[in-house]
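Everything below belongs to my_file_25.pdb, which stores PDB, C-alpha atoms and all ligand atoms.
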MODEL        1
ATOM      1  CA  MET A   1       1.579 -25.790  -5.304
ATOM      2  CA  ALA A   2       4.560 -24.754  -3.224
ATOM      3  CA  LYS A   3       5.060 -23.495   0.306
ATOM      4  CA  TYR A   4       6.199 -19.889   0.616
ATOM      5  CA  LYS A   5       7.515 -18.292   3.781
ATOM      6  CA  LEU A   6       6.623 -14.624   3.850
ATOM      7  CA  GLN A   7       7.716 -11.798   6.156
ATOM      8  CA  ILE A   8       4.765  -9.446   6.454
ATOM      9  CA  ASN A   9       4.402  -6.589   8.921
ATOM     10  CA  GLY A  10       7.180  -8.068  11.059
ATOM     11  CA  ARG A  11       5.513 -11.474  11.278
ATOM     12  CA  ALA A  12       6.315 -14.767   9.620
ATOM     13  CA  TYR A  13       3.571 -16.297   7.466
ATOM     14  CA  GLU A  14       3.397 -19.365   5.287
ATOM     15  CA  ALA A  15       1.233 -19.939   2.246
ATOM     16  CA  ASP A  16       0.785 -23.042   0.136
ATOM     17  CA  VAL A  17      -0.015 -21.637  -3.308
ATOM     18  CA  GLU A  18       0.946 -21.691  -6.982
ATOM     19  CA  PRO A  19       4.183 -19.724  -7.646
ATOM     20  CA  ASP A  20       2.500 -17.259  -9.992
ATOM     21  CA  THR A  21      -0.315 -16.401  -7.583
ATOM     22  CA  PRO A  22      -0.377 -12.617  -7.209
ATOM     23  CA  LEU A  23       0.708 -11.502  -3.749
ATOM     24  CA  LEU A  24      -2.595  -9.599  -3.480
ATOM     25  CA  TRP A  25      -4.608 -12.822  -3.419
ATOM     26  CA  VAL A  26      -2.239 -14.530  -0.996
ATOM     27  CA  LEU A  27      -2.583 -11.557   1.360
ATOM     28  CA  ARG A  28      -6.353 -11.440   1.091
ATOM     29  CA  ASP A  29      -7.429 -15.050   0.567
ATOM     30  CA  ASN A  30      -4.730 -17.074   2.307
ATOM     31  CA  LEU A  31      -3.591 -14.773   5.101
ATOM     32  CA  GLY A  32      -6.700 -12.714   5.841
ATOM     33  CA  LEU A  33      -4.940  -9.364   5.333
ATOM     34  CA  VAL A  34      -7.855  -7.768   3.521
ATOM     35  CA  GLY A  35      -6.791  -4.133   3.909
ATOM     36  CA  THR A  36      -5.074  -4.406   0.523
ATOM     37  CA  LYS A  37      -7.698  -3.942  -2.186
ATOM     38  CA  TYR A  38      -8.328  -5.266  -5.677
ATOM     39  CA  GLY A  39      -9.155  -2.616  -8.236
ATOM     40  CA  CYS A  40      -8.073  -3.418 -11.781
ATOM     41  CA  GLY A  41      -5.781  -6.445 -11.553
ATOM     42  CA  ILE A  42      -3.485  -5.054 -14.255
ATOM     43  CA  ALA A  43      -1.214  -2.643 -12.346
ATOM     44  CA  GLN A  44      -3.151   0.424 -13.473
ATOM     45  CA  CYS A  45      -5.005   1.782 -10.430
ATOM     46  CA  GLY A  46      -2.785   1.391  -7.345
ATOM     47  CA  ALA A  47      -5.496   0.047  -5.016
ATOM     48  CA  CYS A  48      -3.381  -3.035  -4.287
ATOM     49  CA  THR A  49      -0.169  -1.177  -3.377
ATOM     50  CA  VAL A  50       1.996  -2.690  -0.633
ATOM     51  CA  HIS A  51       5.658  -2.176   0.231
ATOM     52  CA  VAL A  52       8.216  -4.735  -0.866
ATOM     53  CA  ASN A  53      11.559  -3.962   0.755
ATOM     54  CA  GLY A  54      10.291  -0.434   1.339
ATOM     55  CA  ASN A  55       9.270   0.208  -2.257
ATOM     56  CA  PRO A  56       5.679   0.574  -3.452
ATOM     57  CA  MET A  57       4.589  -2.500  -5.375
ATOM     58  CA  ARG A  58       1.351  -3.371  -7.161
ATOM     59  CA  SER A  59       0.565  -6.659  -5.518
ATOM     60  CA  CYS A  60      -2.012  -7.645  -8.146
ATOM     61  CA  VAL A  61       0.796  -8.377 -10.612
ATOM     62  CA  TYR A  62       3.543  -9.358  -8.181
ATOM     63  CA  PRO A  63       3.925 -13.133  -7.955
ATOM     64  CA  VAL A  64       4.204 -14.659  -4.508
ATOM     65  CA  SER A  65       7.344 -16.503  -5.634
ATOM     66  CA  ALA A  66       9.121 -13.120  -5.952
ATOM     67  CA  ALA A  67       7.991 -12.079  -2.482
ATOM     68  CA  ALA A  68       9.447 -15.053  -0.630
ATOM     69  CA  ASN A  69      12.656 -13.407   0.568
ATOM     70  CA  ALA A  70      11.325  -9.886   0.774
ATOM     71  CA  THR A  71      10.162  -7.720   3.645
ATOM     72  CA  ILE A  72       6.542  -6.877   2.973
ATOM     73  CA  THR A  73       4.423  -4.214   4.607
ATOM     74  CA  THR A  74       0.693  -3.857   4.133
ATOM     75  CA  ILE A  75      -1.681  -1.199   5.403
ATOM     76  CA  GLU A  76      -2.202  -3.346   8.522
ATOM     77  CA  GLY A  77       1.486  -2.955   9.345
ATOM     78  CA  LEU A  78       1.764   0.834   9.321
ATOM     79  CA  GLU A  79       0.454   1.294  12.837
ATOM     80  CA  THR A  80       2.996   0.898  15.654
ATOM     81  CA  ASN A  81       1.984   0.091  19.235
ATOM     82  CA  GLY A  82      -1.573   1.155  18.548
ATOM     83  CA  LYS A  83      -0.484   4.498  17.088
ATOM     84  CA  LEU A  84      -1.364   5.352  13.512
ATOM     85  CA  HIS A  85       1.434   6.253  11.110
ATOM     86  CA  ALA A  86       1.899  10.016  10.564
ATOM     87  CA  VAL A  87       0.449   9.644   7.068
ATOM     88  CA  GLN A  88      -2.647   7.893   8.447
ATOM     89  CA  GLN A  89      -3.026  10.650  11.040
ATOM     90  CA  ALA A  90      -2.797  13.296   8.318
ATOM     91  CA  TRP A  91      -5.370  11.373   6.259
ATOM     92  CA  ASP A  92      -7.696  11.412   9.225
ATOM     93  CA  LYS A  93      -7.140  15.099   9.957
ATOM     94  CA  VAL A  94      -7.771  16.160   6.357
ATOM     95  CA  ASP A  95     -10.714  13.717   6.155
ATOM     96  CA  VAL A  96      -9.443  12.439   2.816
ATOM     97  CA  ALA A  97     -11.615   9.413   2.224
ATOM     98  CA  GLN A  98     -14.949   9.471   0.443
ATOM     99  CA  CYS A  99     -15.882   5.879  -0.409
ATOM    100  CA  GLY A 100     -12.496   4.796   0.971
ATOM    101  CA  TYR A 101     -11.820   1.936  -1.413
ATOM    102  CA  CYS A 102      -8.540   3.232  -2.883
ATOM    103  CA  GLN A 103      -7.240   4.763   0.320
ATOM    104  CA  ALA A 104      -5.053   1.906   1.579
ATOM    105  CA  GLY A 105      -3.195   1.928  -1.730
ATOM    106  CA  GLN A 106      -2.937   5.721  -1.667
ATOM    107  CA  ILE A 107      -1.511   5.645   1.857
ATOM    108  CA  MET A 108       0.988   2.921   1.019
ATOM    109  CA  THR A 109       2.215   4.914  -1.979
ATOM    110  CA  ALA A 110       2.430   8.079   0.140
ATOM    111  CA  THR A 111       4.343   6.418   2.999
ATOM    112  CA  ALA A 112       6.893   4.854   0.643
ATOM    113  CA  PHE A 113       7.309   8.196  -1.121
ATOM    114  CA  LEU A 114       7.752  10.231   2.075
ATOM    115  CA  SER A 115      10.239   7.749   3.506
ATOM    116  CA  LYS A 116      12.488   8.568   0.552
ATOM    117  CA  ASN A 117      11.557  12.237   0.171
ATOM    118  CA  PRO A 118      10.478  13.648   3.554
ATOM    119  CA  ASN A 119      10.304  17.281   2.340
ATOM    120  CA  PRO A 120       8.667  17.121  -1.065
ATOM    121  CA  THR A 121       7.472  20.006  -3.198
ATOM    122  CA  GLU A 122       3.847  20.143  -4.332
ATOM    123  CA  ALA A 123       4.941  19.039  -7.787
ATOM    124  CA  GLU A 124       6.833  16.065  -6.366
ATOM    125  CA  ILE A 125       3.769  15.019  -4.353
ATOM    126  CA  GLU A 126       1.603  15.262  -7.444
ATOM    127  CA  THR A 127       4.025  13.177  -9.484
ATOM    128  CA  ALA A 128       4.431  10.560  -6.742
ATOM    129  CA  MET A 129       0.681  10.116  -6.250
ATOM    130  CA  ASN A 130      -0.187  10.359  -9.926
ATOM    131  CA  GLY A 131      -0.511   6.610 -10.556
ATOM    132  CA  ASN A 132      -3.044   5.982  -7.788
ATOM    133  CA  ILE A 133      -6.576   6.403  -9.057
ATOM    134  CA  CYS A 134      -9.448   7.591  -6.871
ATOM    135  CA  ARG A 135     -12.881   7.206  -8.400
ATOM    136  CA  CYS A 136     -14.315   9.777  -5.956
ATOM    137  CA  GLY A 137     -11.762  12.363  -7.047
ATOM    138  CA  THR A 138     -10.286  13.084  -3.616
ATOM    139  CA  TYR A 139      -6.987  14.072  -5.224
ATOM    140  CA  HIS A 140      -6.763  17.559  -3.705
ATOM    141  CA  ARG A 141      -7.274  16.158  -0.192
ATOM    142  CA  ILE A 142      -4.740  13.380  -0.862
ATOM    143  CA  ARG A 143      -2.136  15.977  -1.851
ATOM    144  CA  GLU A 144      -3.033  18.078   1.196
ATOM    145  CA  ALA A 145      -2.638  15.099   3.550
ATOM    146  CA  VAL A 146       0.699  14.073   2.038
ATOM    147  CA  ALA A 147       1.950  17.659   2.478
ATOM    148  CA  LEU A 148       0.644  17.723   6.053
ATOM    149  CA  ALA A 149       2.361  14.423   6.892
ATOM    150  CA  ALA A 150       5.592  15.818   5.488
ATOM    151  CA  THR A 151       5.609  18.882   7.772
TER     152      THR A 151
HETATM  153 FE1  LIG B   1      -3.400  -3.647  -8.676
HETATM  154 FE2  LIG B   1      -5.213  -1.973  -9.726
HETATM  155  S1  LIG B   1      -5.559  -3.735  -8.488
HETATM  156  S2  LIG B   1      -3.062  -1.762  -9.697
ENDMDL
END
What does the file become when written as structure tokens?
Ligand code: FES
Amino acid sequence: MAKYKLQINGRAYEADVEPDTPLLWVLRDNLGLVGTKYGCGIAQCGACTVHVNGNPMRSCVYPVSAAANATITTIEGLETNGKLHAVQQAWDKVDVAQCGYCQAGQIMTATAFLSKNPNPTEAEIETAMNGNICRCGTYHRIREAVALAAT
């Protein structure tokens, strides 16, 4: 076990865990940030996506030891002063979610993408969101919401 200091959503946290513990489980089990979801555990579905230094990262395969000096953002950190992020607002407007399970990961991928490419083409949106799986098949609404958030 080792103590890790983590910067998450602008707050300092500490976790006493094994170095190879996936960040996902530290977020959920140690820190109570349960908005980040477990889907596959092998970096294939995107449900566990968070931002590490502004880049989308699959937290199910990202060891906590690598996260120690990073700036981490989870779905809980997107809101500012009680106001939802533009991507969350677009998600709400388009009514994207069906079961909702994959949506935090989808939104984290979309926000990281739009922060680097604020005026994407449809093809760029499709490519960017391609690795996030939705078992309900809400893909067309996801693409619509990303485009709406970009306008
Ligand atoms: Fe991490 Fe599926 S749970 S990619």
Please write out the residues within 8 Å of ligand LIG 1 (chain B) as a ChimeraX atom specification, counting all atoms listed in the file. /A:24,37-49,58-61,132
Which value, in Å to one decimal, gives the distance between atom CA of Asn69 of chain A and atom CA of Pro19 of chain A?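 According to the coordinates, atom CA of Asn69 of chain A and atom CA of Pro19 of chain A are separated by 13.4 Å.
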Given only C-alpha atoms as the counted atoms, nearest of A:Thr138, A:Ser65, A:Thr71, A:Asn119 to Ala15 of chain A: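 The shortest atom-to-atom distance to Ala15 of chain A comes from A:Ser65.
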Selection result for the PyMOL selection byres (((chain A and resi 91-98) around 12) and not hetatm) on this file, as a ChimeraX atom specification: /A:84-90,99-108,110-111,134-150
Let me have the centre and edge lengths in Å, one decimal, of the box along x, y and z around every listed atom of segment 58-61 of chain A with 3 Å of margin on each side, as JSON.
{"center_x": -0.3, "center_y": -5.9, "center_z": -8.1, "size_x": 9.4, "size_y": 11.0, "size_z": 11.1}
Tell me which of A:Asn30, A:Thr109, A:Thr121, A:Asn9 sits closest to Ala70 of chain A, counting all atoms listed in the file.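 So, comparing all the options, the nearest one is A:Asn9.
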Work out how far atom CA of Gly77 of chain A is from atom CA of Glu18 of chain A, in Å to one decimal.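 Between these atoms lies a distance of 24.9 Å.
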Give me, please, the distance in Å between atom CA of Gly32 of chain A and atom CA of Glu14 of chain A, quoted to one decimal. 12.1 Å
I'd like the residues picked by the PyMOL selection byres (((chain A and resi 63) around 7) and not hetatm) written out as a PyMOL selection string, using the chain letters and numbers from the file. chain A and resi 19-23+61-62+64-67
Contacts of Thr74 of chain A within 8 Å, all atoms listed in the file, excl. fewer than 4 positions in-chain, as a list in words: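 In the requested form, the answer reads Ile8, Asn9, Leu33, Gly35, Thr36, Val50, His51, Leu78 and Met108 of chain A.
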With C-alpha atoms kept, could you save the residues just selected as a compact mmCIF listing (two decimals), in the frame of the given file?
# COMPACT_ATOMS: atom_id res chain seq x y z
CA ILE A 8 4.76 -9.45 6.45
CA ASN A 9 4.40 -6.59 8.92
CA LEU A 33 -4.94 -9.36 5.33
CA GLY A 35 -6.79 -4.13 3.91
CA THR A 36 -5.07 -4.41 0.52
CA VAL A 50 2.00 -2.69 -0.63
CA HIS A 51 5.66 -2.18 0.23
CA LEU A 78 1.76 0.83 9.32
CA MET A 108 0.99 2.92 1.02
Would you mind telling me which residue in A:Asp16, A:Glu79, A:Asn55, A:Asn130 lies nearest to Leu114 of chain A when using only C-alpha atoms?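 Among A:Asp16, A:Glu79, A:Asn55, A:Asn130, it is A:Asn55 that comes nearest to Leu114 of chain A.
Among the candidates A:Leu6, A:Met57, A:Val34, A:Ala112, the residue lying nearest to Glu76 of chain A is A:Val34 (atoms considered: only C-alpha atoms).
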